[in-house]
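Asks: Have a look at this one.
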Amino acid sequence: LRYLVGVGAGQKTGLYLDQRDNIQTIAKLSVGKRVLDACCYLGGFGIACAKAGAESVFMFDTSADAVANAQRHAELNGVQELVTIQRGSLFRELTRLRDAGEEFDVIVLDPPKFAKKRSDLRKARKGYLDANQLAFRLLKPGGLVLSCSCSGAFSADDLEGVLRESATRTATSLRILERRGPGLDHPVDVHCPEGRYLKAILAQRR
C-alpha cells in the first residue's frame with residue numbers, strides 16, 4: 001500500500017499509524033465483501049480493503065482535502081474502479097445510506113474524537129449511540145463492524161456499553177469477536193493510562 005502523507009500538515013501526523021494493525025485485520029476479512037469506511041480520512045481502511053480483494057468500497061469524510069487525498073490514494077494503489085469516495089458528514093451520510101436501503105458486509109466506524117474532556121462524555125455517548133445505531137441498520141446479517149473511539153475520556157467499557165444499547169435499540173443480535181486497540185508501536189506507559197485512547201471493538205451481526 002502506498003500513501004502520500006503531508007507530515008505536519010494533516011491531522012495528527014498525517015496518517016493514523018495507530019490503526020495499522022486494525023487496518024490489516026479488516027482488510028483480510030473484506031475479501032469479496034461490500035465495505036463501508038465512514039470518516040475515512042486518507043482512506044486507510046478502505047484502500048487496504050479494496051487492495052485485499054473487497055468487491056466494492058464506499059468511503060466518505062467531511063473534509064474536502066481528505067476526500068481528494070483518499071481519491072489520489074485509490075489511484076496510486078490501482079483500486080479506483082472498486083472505490084467510491086465522496087464528501088459527507090457522519091450522521092447525514094449514514095442516514096442517507098439507511099434511507100436508500102443500502103447494506104454492507106463490513107463497516108468501519110472510526111469517527112473523530114467526540115469527548116475532548118470529561119465534561120463532554122454525555123454528549124459524546126449520544127454521538128456514539130446515534131452513529132452505531134445507524135451503522136447497525138446498514139449491516140447485513142453475518143456482517144462485521146469495527147466500532148472505534150479515539151476519545152481518551154471514553155473508556156473501552158463505555159464503548160462496549162454503547163454497542164450493547166445500540167444493538168438493543170435496533171433489535172440487532174450482535175456478538176463481540178475482539179476488543180482491540182493500537183498496535184505494538186503505541187505502547188501504554190503504566191503511569192499514563194491516557195495513552196490507551198484508541199479503543200476498537202470488532203463485532204458481528206448474527
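Residue numbering restarts at 1 in every chain; chains get A, B, ... in the order shown in the C-alpha cells, and ligands count up from 1 in that same order.
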Please tabulate, as a Markdown table, the residues of stretch 89-141 of chain A that come within 6 Å of stretch 146-150 of chain A, each with its closest pair of atoms and the distance in Å to one decimal, counting only C-alpha atoms and ordering rows by chain, then residue number upward.

Replies:
| residue | atom | partner | partner_atom | distance |
| --- | --- | --- | --- | --- |
| A:Val108 | CA | A:Leu146 | CA | 4.9 |
| A:Leu109 | CA | A:Ser147 | CA | 4.9 |
| A:Asp110 | CA | A:Cys148 | CA | 4.9 |
| A:Lys113 | CA | A:Cys150 | CA | 5.5 |

Asks: Could you write those residues out with N, CA and C atoms, as a compact mmCIF listing (two decimals), in the first residue's frame?

Replies:
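Saved as out.txt:
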# COMPACT_ATOMS: atom_id res chain seq x y z
N VAL A 108 -16.62 0.03 8.82
CA VAL A 108 -15.63 0.63 9.73
C VAL A 108 -16.17 1.97 10.17
N LEU A 109 -16.36 2.10 11.48
CA LEU A 109 -16.90 3.32 12.06
C LEU A 109 -15.81 3.93 12.95
N ASP A 110 -15.09 4.88 12.40
CA ASP A 110 -13.96 5.49 13.11
C ASP A 110 -14.13 7.01 13.14
N LYS A 113 -12.79 12.48 17.45
CA LYS A 113 -12.93 12.48 18.91
C LYS A 113 -14.19 13.24 19.32

Asks: From a DSSP pass on the backbone, collect the residues of stretch 149-205 of chain A flagged as strand (DSSP E) and hand them back as a PyMOL selection string.

Replies: chain A and resi 149+174-180+199-205

Asks: What is the atom CA of A:Ser63-atom CA of A:Ser89 distance in Å, reported with one decimal?

Replies: 8.6 Å

Asks: Could you pull the residues within 10 Å of stretch 190-205 of chain A, counting only C-alpha atoms, minus those fewer than 5 positions along the same chain, as an NGL selection string?

Replies: :A and (18-19 or 22 or 25-26 or 105-110 or 113 or 136 or 139-160 or 163 or 167 or 172-183)

Asks: Quick one: write out the picked residues with N, CA and C atoms as a compact mmCIF listing (two decimals), in the first residue's frame?

Replies:
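The new file again34.txt reads:
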# COMPACT_ATOMS: atom_id res chain seq x y z
N ASP A 18 -1.67 4.49 14.36
CA ASP A 18 -2.15 3.67 15.46
C ASP A 18 -3.19 2.65 15.01
N GLN A 19 -3.77 2.86 13.83
CA GLN A 19 -4.78 1.92 13.30
C GLN A 19 -4.19 0.87 12.37
N ASN A 22 -5.20 -2.76 12.97
CA ASN A 22 -6.64 -2.91 12.75
C ASN A 22 -6.97 -2.87 11.26
N THR A 25 -6.12 -6.23 9.78
CA THR A 25 -7.11 -7.25 10.17
C THR A 25 -8.38 -7.12 9.35
N ILE A 26 -8.91 -5.91 9.24
CA ILE A 26 -10.15 -5.69 8.49
C ILE A 26 -9.97 -5.99 7.01
N ASP A 105 -21.37 -5.53 4.00
CA ASP A 105 -20.87 -6.72 4.69
C ASP A 105 -19.89 -6.35 5.79
N VAL A 106 -19.15 -5.26 5.58
CA VAL A 106 -18.14 -4.80 6.53
C VAL A 106 -18.28 -3.29 6.69
N ILE A 107 -18.37 -2.84 7.93
CA ILE A 107 -18.46 -1.40 8.21
C ILE A 107 -17.36 -1.00 9.18
N VAL A 108 -16.62 0.03 8.82
CA VAL A 108 -15.63 0.63 9.73
C VAL A 108 -16.17 1.97 10.17
N LEU A 109 -16.36 2.10 11.48
CA LEU A 109 -16.90 3.32 12.06
C LEU A 109 -15.81 3.93 12.95
N ASP A 110 -15.09 4.88 12.40
CA ASP A 110 -13.96 5.49 13.11
C ASP A 110 -14.13 7.01 13.14
N LYS A 113 -12.79 12.48 17.45
CA LYS A 113 -12.93 12.48 18.91
C LYS A 113 -14.19 13.24 19.32
N PHE A 136 -25.60 -0.14 12.42
CA PHE A 136 -26.21 -1.46 12.56
C PHE A 136 -27.35 -1.64 11.56
N LEU A 139 -25.91 -2.86 8.29
CA LEU A 139 -25.10 -4.07 8.33
C LEU A 139 -25.92 -5.30 7.96
N LYS A 140 -25.42 -6.06 7.00
CA LYS A 140 -26.09 -7.29 6.59
C LYS A 140 -25.99 -8.35 7.68
N PRO A 141 -26.93 -9.28 7.75
CA PRO A 141 -26.79 -10.41 8.66
C PRO A 141 -25.47 -11.14 8.39
N GLY A 142 -24.73 -11.43 9.44
CA GLY A 142 -23.42 -12.05 9.28
C GLY A 142 -22.32 -11.05 9.05
N GLY A 143 -22.69 -9.78 8.88
CA GLY A 143 -21.72 -8.74 8.60
C GLY A 143 -20.89 -8.35 9.81
N LEU A 144 -19.76 -7.69 9.54
CA LEU A 144 -18.81 -7.28 10.57
C LEU A 144 -18.78 -5.76 10.70
N VAL A 145 -18.65 -5.28 11.93
CA VAL A 145 -18.48 -3.86 12.17
C VAL A 145 -17.28 -3.66 13.10
N LEU A 146 -16.42 -2.72 12.75
CA LEU A 146 -15.33 -2.31 13.63
C LEU A 146 -15.71 -0.92 14.14
N SER A 147 -16.10 -0.85 15.40
CA SER A 147 -16.53 0.41 16.00
C SER A 147 -15.40 0.96 16.85
N CYS A 148 -15.00 2.19 16.57
CA CYS A 148 -13.82 2.77 17.22
C CYS A 148 -14.17 4.04 18.00
N SER A 149 -13.34 4.31 18.99
CA SER A 149 -13.38 5.59 19.70
C SER A 149 -11.96 6.00 20.01
N CYS A 150 -11.63 7.23 19.66
CA CYS A 150 -10.30 7.77 19.98
C CYS A 150 -10.39 8.80 21.10
N SER A 151 -11.53 8.86 21.78
CA SER A 151 -11.72 9.77 22.90
C SER A 151 -11.11 9.17 24.16
N GLY A 152 -10.05 9.77 24.66
CA GLY A 152 -9.37 9.22 25.82
C GLY A 152 -10.25 9.10 27.05
N ALA A 153 -11.18 10.03 27.20
CA ALA A 153 -12.07 10.02 28.38
C ALA A 153 -13.18 8.99 28.26
N PHE A 154 -13.33 8.40 27.09
CA PHE A 154 -14.39 7.42 26.83
C PHE A 154 -13.75 6.04 26.88
N SER A 155 -14.07 5.26 27.89
CA SER A 155 -13.36 4.00 28.14
C SER A 155 -13.82 2.87 27.22
N ALA A 156 -13.06 1.79 27.26
CA ALA A 156 -13.44 0.59 26.50
C ALA A 156 -14.79 0.05 26.99
N ASP A 157 -15.01 0.11 28.30
CA ASP A 157 -16.30 -0.32 28.84
C ASP A 157 -17.43 0.59 28.36
N ASP A 158 -17.14 1.89 28.25
CA ASP A 158 -18.14 2.83 27.72
C ASP A 158 -18.52 2.45 26.29
N LEU A 159 -17.51 2.14 25.48
CA LEU A 159 -17.77 1.79 24.09
C LEU A 159 -18.56 0.50 23.99
N GLU A 160 -18.21 -0.49 24.81
CA GLU A 160 -18.96 -1.74 24.79
C GLU A 160 -20.40 -1.51 25.23
N LEU A 163 -22.33 -0.18 22.29
CA LEU A 163 -22.69 -1.23 21.34
C LEU A 163 -23.86 -2.06 21.86
N ALA A 167 -27.40 -2.09 19.94
CA ALA A 167 -27.94 -3.36 19.46
C ALA A 167 -29.35 -3.58 19.99
N THR A 172 -30.83 -5.70 17.08
CA THR A 172 -29.74 -6.37 16.37
C THR A 172 -29.09 -7.41 17.28
N SER A 173 -28.99 -8.63 16.80
CA SER A 173 -28.27 -9.67 17.54
C SER A 173 -26.79 -9.51 17.20
N LEU A 174 -26.02 -9.12 18.18
CA LEU A 174 -24.63 -8.75 17.93
C LEU A 174 -23.72 -9.50 18.89
N ARG A 175 -22.62 -10.01 18.37
CA ARG A 175 -21.65 -10.65 19.26
C ARG A 175 -20.27 -10.03 19.05
N ILE A 176 -19.56 -9.84 20.15
CA ILE A 176 -18.23 -9.26 20.10
C ILE A 176 -17.21 -10.35 19.77
N LEU A 177 -16.42 -10.11 18.74
CA LEU A 177 -15.39 -11.06 18.34
C LEU A 177 -14.03 -10.70 18.95
N GLU A 178 -13.74 -9.39 19.01
CA GLU A 178 -12.44 -8.95 19.51
C GLU A 178 -12.53 -7.56 20.09
N ARG A 179 -11.79 -7.32 21.16
CA ARG A 179 -11.58 -5.99 21.69
C ARG A 179 -10.17 -5.59 21.33
N ARG A 180 -10.03 -4.51 20.57
CA ARG A 180 -8.73 -4.15 20.01
C ARG A 180 -8.34 -2.74 20.42
N GLY A 181 -7.12 -2.38 20.08
CA GLY A 181 -6.61 -1.04 20.36
C GLY A 181 -5.50 -0.73 19.37
N PRO A 182 -4.58 0.17 19.74
CA PRO A 182 -3.47 0.48 18.83
C PRO A 182 -2.47 -0.67 18.76
N GLY A 183 -1.59 -0.62 17.78
CA GLY A 183 -0.59 -1.65 17.60
C GLY A 183 0.53 -1.57 18.63

Asks: Check stretch 63-160 of chain A with DSSP on the backbone and list each residue it calls helix (DSSP H, G or I), as a PyMOL selection string.

Replies: chain A and resi 64-76+90-99+118-138+156-160

Asks: List as a list in words the protein and nucleic acid residues near A:Ile47, meaning an atom at most 7 Å away when only C-alpha atoms are counted, but skip any in the same chain fewer than 4 places from it.

Replies: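 Counting only C-alpha atoms, the residues come to Gly43, Lys51 and Ala74 of chain A.
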
Asks: Considering only C-alpha atoms, state which residue in the set A:Glu55, A:Glu93, A:Asp65, A:Asp99 is at the smallest distance from A:Val79.

Replies: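 Distance minimum relative to A:Val79 lands on A:Glu55.
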
Asks: Write out as an MDAnalysis selection string each polymer residue whose atoms come within 12 Å of stretch 67-69 of chain A, counting only C-alpha atoms; drop sequence neighbours fewer than 4 positions from it.

Replies: chainID A and resid 2:6 10 14:15 37:44 46:47 58:63 73:76 83:89

Asks: Between A:Val7, A:Arg98, A:Leu90, A:Phe45, which residue has the minimum interatomic distance to A:Asp21, considering only C-alpha atoms?

Replies: A:Phe45

Asks: I'd like a table as JSON lines: residues in stretch 68-108 of chain A with an atom no more than 7 Å from stretch 120-134 of chain A, each row giving the shortest atom pair and its distance in Å to one decimal, only C-alpha atoms counted, sorted by chain and rising residue number.

Replies:
{"residue": "A:Phe91", "atom": "CA", "partner": "A:Ala131", "partner_atom": "CA", "distance": 6.5}
{"residue": "A:Leu94", "atom": "CA", "partner": "A:Leu134", "partner_atom": "CA", "distance": 6.1}
{"residue": "A:Thr95", "atom": "CA", "partner": "A:Leu134", "partner_atom": "CA", "distance": 6.7}

Asks: Using the selection just defined, write its residues with N, CA and C atoms as a short mmCIF file (atom, residue, chain, number, x, y, z; two decimals), in the first residue's frame.

Replies:
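Result file is selection-v6.cif:
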data_model
loop_
_atom_site.label_atom_id
_atom_site.label_comp_id
_atom_site.auth_asym_id
_atom_site.auth_seq_id
_atom_site.Cartn_x
_atom_site.Cartn_y
_atom_site.Cartn_z
N PHE A 91 -23.33 11.72 10.39
CA PHE A 91 -24.73 11.37 10.64
C PHE A 91 -25.60 11.57 9.39
N LEU A 94 -24.69 8.59 6.91
CA LEU A 94 -25.24 7.30 7.37
C LEU A 94 -26.75 7.28 7.25
N THR A 95 -27.40 8.39 7.54
CA THR A 95 -28.85 8.48 7.40
C THR A 95 -29.27 8.34 5.94
#

Asks: With distances taken over only C-alpha atoms, which residue among A:Ala135, A:Leu184, A:Ala64, A:Ala52 lies nearest A:Pro111?

Replies: A:Ala135

Asks: Just how far from atom CA of A:Leu82 is atom CA of A:Gly53, in Å to one decimal?

Replies: 9.3 Å
